[in-house]
Amino acid sequence: MTDFPDATPAVAPTRAAIVAAARDWIGTPYRHQASLKGAGCDCLGLVRGLWREFYGAEPEPLPPYSPDWAEARREETMLEAGRRHLVPVPLAEARPGDVILFRWRADLPAKHAGVLSAPTRFVHAYEGAAVVESPLGPWWRRRLAAAFAFPGVRDDPTS
């Protein structure tokens, strides 16, 4: 048993609701460690904000982290947090509404997150800019490290 809040919302979100909510963050300025729609967020802050929208309180406290935390610590902090709070999905089976993680290099821990918005697009906080929806092209696909579904996510009625 953990001290973390239950991750079961009264009504589980649909994949379309998660994608729509992620797109609502587009244009939010990039701010390291922030997680406030319209004011600022980083890639993890976007996922945290979606969690709060659908599940309430965040599942665990977030320690401060530097921009180079993955390189400095060489620990799979983001990947392990995904395993604790989200539902692992094989990369080949990731669908819109799923969280996807990236590695900048094969020998580094996963450090970037986004939300798949279509089979070939994702929403993420882009350092130096804002939350954007980008093509999931070859450059990004080569860096995919993991995929996760939000707990209890429902398929859309029309899918």
# chains A, B, ... in the order shown; residues from 1 in each chain; ligands from 1

call {"tool": "closest_atom_pairs", "arguments": {"of": "range 4-117 of chain A", "to": "range 132-141 of chain A", "cutoff": "10 Å", "atoms": "only C-alpha atoms", "output": "JSON lines"}}
result
{"residue": "A:Ala22", "atom": "CA", "partner": "A:Glu133", "partner_atom": "CA", "distance": 9.2}
{"residue": "A:Arg23", "atom": "CA", "partner": "A:Glu133", "partner_atom": "CA", "distance": 7.5}
{"residue": "A:Trp25", "atom": "CA", "partner": "A:Val132", "partner_atom": "CA", "distance": 8.2}
{"residue": "A:Ile26", "atom": "CA", "partner": "A:Val132", "partner_atom": "CA", "distance": 5.2}
{"residue": "A:Gly27", "atom": "CA", "partner": "A:Val132", "partner_atom": "CA", "distance": 6.5}
{"residue": "A:Thr28", "atom": "CA", "partner": "A:Val132", "partner_atom": "CA", "distance": 8.4}
{"residue": "A:Pro29", "atom": "CA", "partner": "A:Val132", "partner_atom": "CA", "distance": 9.6}
{"residue": "A:Tyr30", "atom": "CA", "partner": "A:Val132", "partner_atom": "CA", "distance": 9.9}
{"residue": "A:Leu91", "atom": "CA", "partner": "A:Arg141", "partner_atom": "CA", "distance": 10.0}
{"residue": "A:Phe102", "atom": "CA", "partner": "A:Trp140", "partner_atom": "CA", "distance": 7.7}
{"residue": "A:Arg103", "atom": "CA", "partner": "A:Trp140", "partner_atom": "CA", "distance": 9.3}
{"residue": "A:Trp104", "atom": "CA", "partner": "A:Trp140", "partner_atom": "CA", "distance": 9.2}
{"residue": "A:Gly114", "atom": "CA", "partner": "A:Glu133", "partner_atom": "CA", "distance": 9.3}
{"residue": "A:Val115", "atom": "CA", "partner": "A:Glu133", "partner_atom": "CA", "distance": 9.2}
{"residue": "A:Leu116", "atom": "CA", "partner": "A:Leu136", "partner_atom": "CA", "distance": 8.6}
{"residue": "A:Ser117", "atom": "CA", "partner": "A:Glu133", "partner_atom": "CA", "distance": 7.9}

call {"tool": "select_by_dssp", "arguments": {"residues": "range 6-151 of chain A", "states": "strand (DSSP E or B)", "output": "PyMOL selection string"}}
result
chain A and resi 14+29-30+35-36+40-41+87-89+99-102+112-118+121-125+130-135+144-149

call {"tool": "closest_residue", "arguments": {"among": "A:Gly40, A:Pro119, A:Pro13, A:Gly152", "to": "Ala94 in chain A", "atoms": "only C-alpha atoms"}}
result
A:Pro119

call {"tool": "atom_distance", "arguments": {"atom1": "CA of Leu44 in chain A", "atom2": "CA of Ser66 in chain A"}}
result
12.6 Å

call {"tool": "residues_around", "arguments": {"residues": "Gly97 in chain A", "least_positions_apart": "5", "cutoff": "9 Å", "atoms": "only C-alpha atoms", "output": "ChimeraX atom specification"}}
result
/A:14-20,22,115-118,149-150,153

call {"tool": "decode", "arguments": {"residues": "range 78-106 of chain A", "atoms": "N, CA, C and O atoms", "output": "short mmCIF file (atom, residue, chain, number, x, y, z; two decimals), in the first residue's frame"}}
result
data_model
loop_
_atom_site.label_atom_id
_atom_site.label_comp_id
_atom_site.auth_asym_id
_atom_site.auth_seq_id
_atom_site.Cartn_x
_atom_site.Cartn_y
_atom_site.Cartn_z
N MET A 78 12.35 9.09 -14.88
CA MET A 78 11.08 9.32 -15.57
C MET A 78 10.42 7.99 -15.95
O MET A 78 9.21 7.80 -15.77
N LEU A 79 11.20 7.06 -16.46
CA LEU A 79 10.68 5.75 -16.85
C LEU A 79 10.12 5.01 -15.63
O LEU A 79 9.03 4.43 -15.69
N GLU A 80 10.84 5.05 -14.52
CA GLU A 80 10.36 4.38 -13.31
C GLU A 80 9.09 5.02 -12.76
O GLU A 80 8.19 4.32 -12.30
N ALA A 81 8.99 6.34 -12.84
CA ALA A 81 7.76 7.01 -12.39
C ALA A 81 6.59 6.60 -13.29
O ALA A 81 5.47 6.37 -12.81
N GLY A 82 6.84 6.49 -14.59
CA GLY A 82 5.79 6.02 -15.50
C GLY A 82 5.31 4.63 -15.11
O GLY A 82 4.11 4.36 -15.09
N ARG A 83 6.23 3.77 -14.77
CA ARG A 83 5.86 2.39 -14.36
C ARG A 83 5.08 2.38 -13.06
O ARG A 83 4.25 1.50 -12.85
N ARG A 84 5.35 3.34 -12.17
CA ARG A 84 4.63 3.38 -10.89
C ARG A 84 3.20 3.88 -11.04
O ARG A 84 2.31 3.45 -10.30
N HIS A 85 2.96 4.81 -11.97
CA HIS A 85 1.68 5.50 -11.98
C HIS A 85 0.86 5.34 -13.25
O HIS A 85 -0.32 5.67 -13.26
N LEU A 86 1.49 4.86 -14.32
CA LEU A 86 0.80 4.69 -15.59
C LEU A 86 0.81 3.21 -15.97
O LEU A 86 1.41 2.41 -15.27
N VAL A 87 0.17 2.88 -17.06
CA VAL A 87 0.06 1.49 -17.49
C VAL A 87 0.98 1.29 -18.70
O VAL A 87 0.75 1.89 -19.75
N PRO A 88 2.02 0.45 -18.57
CA PRO A 88 2.93 0.23 -19.70
C PRO A 88 2.19 -0.30 -20.93
O PRO A 88 1.29 -1.13 -20.82
N VAL A 89 2.59 0.21 -22.09
CA VAL A 89 2.02 -0.18 -23.38
C VAL A 89 3.19 -0.48 -24.31
O VAL A 89 4.13 0.31 -24.37
N PRO A 90 3.17 -1.58 -25.06
CA PRO A 90 4.23 -1.79 -26.04
C PRO A 90 4.26 -0.61 -27.03
O PRO A 90 3.21 -0.13 -27.45
N LEU A 91 5.46 -0.15 -27.37
CA LEU A 91 5.58 1.00 -28.27
C LEU A 91 4.77 0.82 -29.55
O LEU A 91 4.13 1.75 -30.02
N ALA A 92 4.78 -0.38 -30.10
CA ALA A 92 4.06 -0.64 -31.35
C ALA A 92 2.55 -0.54 -31.18
O ALA A 92 1.82 -0.43 -32.17
N GLU A 93 2.07 -0.56 -29.94
CA GLU A 93 0.63 -0.51 -29.68
C GLU A 93 0.18 0.83 -29.09
O GLU A 93 -0.99 0.98 -28.70
N ALA A 94 1.08 1.80 -28.99
CA ALA A 94 0.72 3.11 -28.44
C ALA A 94 -0.36 3.75 -29.31
O ALA A 94 -0.34 3.64 -30.53
N ARG A 95 -1.30 4.41 -28.63
CA ARG A 95 -2.43 5.03 -29.32
C ARG A 95 -2.62 6.45 -28.84
O ARG A 95 -2.10 6.83 -27.79
N PRO A 96 -3.36 7.26 -29.59
CA PRO A 96 -3.62 8.62 -29.13
C PRO A 96 -4.15 8.63 -27.69
O PRO A 96 -4.98 7.81 -27.31
N GLY A 97 -3.60 9.55 -26.92
CA GLY A 97 -3.93 9.64 -25.50
C GLY A 97 -2.88 9.01 -24.62
O GLY A 97 -2.88 9.21 -23.41
N ASP A 98 -1.95 8.25 -25.19
CA ASP A 98 -0.89 7.61 -24.41
C ASP A 98 0.29 8.57 -24.23
O ASP A 98 0.55 9.43 -25.08
N VAL A 99 0.98 8.41 -23.12
CA VAL A 99 2.20 9.16 -22.84
C VAL A 99 3.36 8.43 -23.50
O VAL A 99 3.47 7.20 -23.36
N ILE A 100 4.20 9.16 -24.20
CA ILE A 100 5.38 8.56 -24.81
C ILE A 100 6.63 9.23 -24.25
O ILE A 100 6.63 10.44 -23.99
N LEU A 101 7.66 8.42 -24.02
CA LEU A 101 8.93 8.91 -23.48
C LEU A 101 10.03 8.74 -24.52
O LEU A 101 10.00 7.79 -25.31
N PHE A 102 10.99 9.63 -24.46
CA PHE A 102 12.09 9.65 -25.42
C PHE A 102 13.44 9.69 -24.71
O PHE A 102 13.55 10.25 -23.62
N ARG A 103 14.46 9.14 -25.38
CA ARG A 103 15.86 9.27 -24.97
C ARG A 103 16.56 10.13 -26.01
O ARG A 103 16.36 9.92 -27.20
N TRP A 104 17.41 11.05 -25.58
CA TRP A 104 18.16 11.83 -26.55
C TRP A 104 19.24 10.98 -27.21
O TRP A 104 19.55 11.16 -28.38
N ARG A 105 19.80 10.03 -26.45
CA ARG A 105 20.78 9.08 -27.00
C ARG A 105 20.51 7.72 -26.37
O ARG A 105 20.01 7.63 -25.24
N ALA A 106 20.89 6.67 -27.07
CA ALA A 106 20.61 5.30 -26.61
C ALA A 106 21.22 5.01 -25.24
O ALA A 106 20.68 4.21 -24.48
#
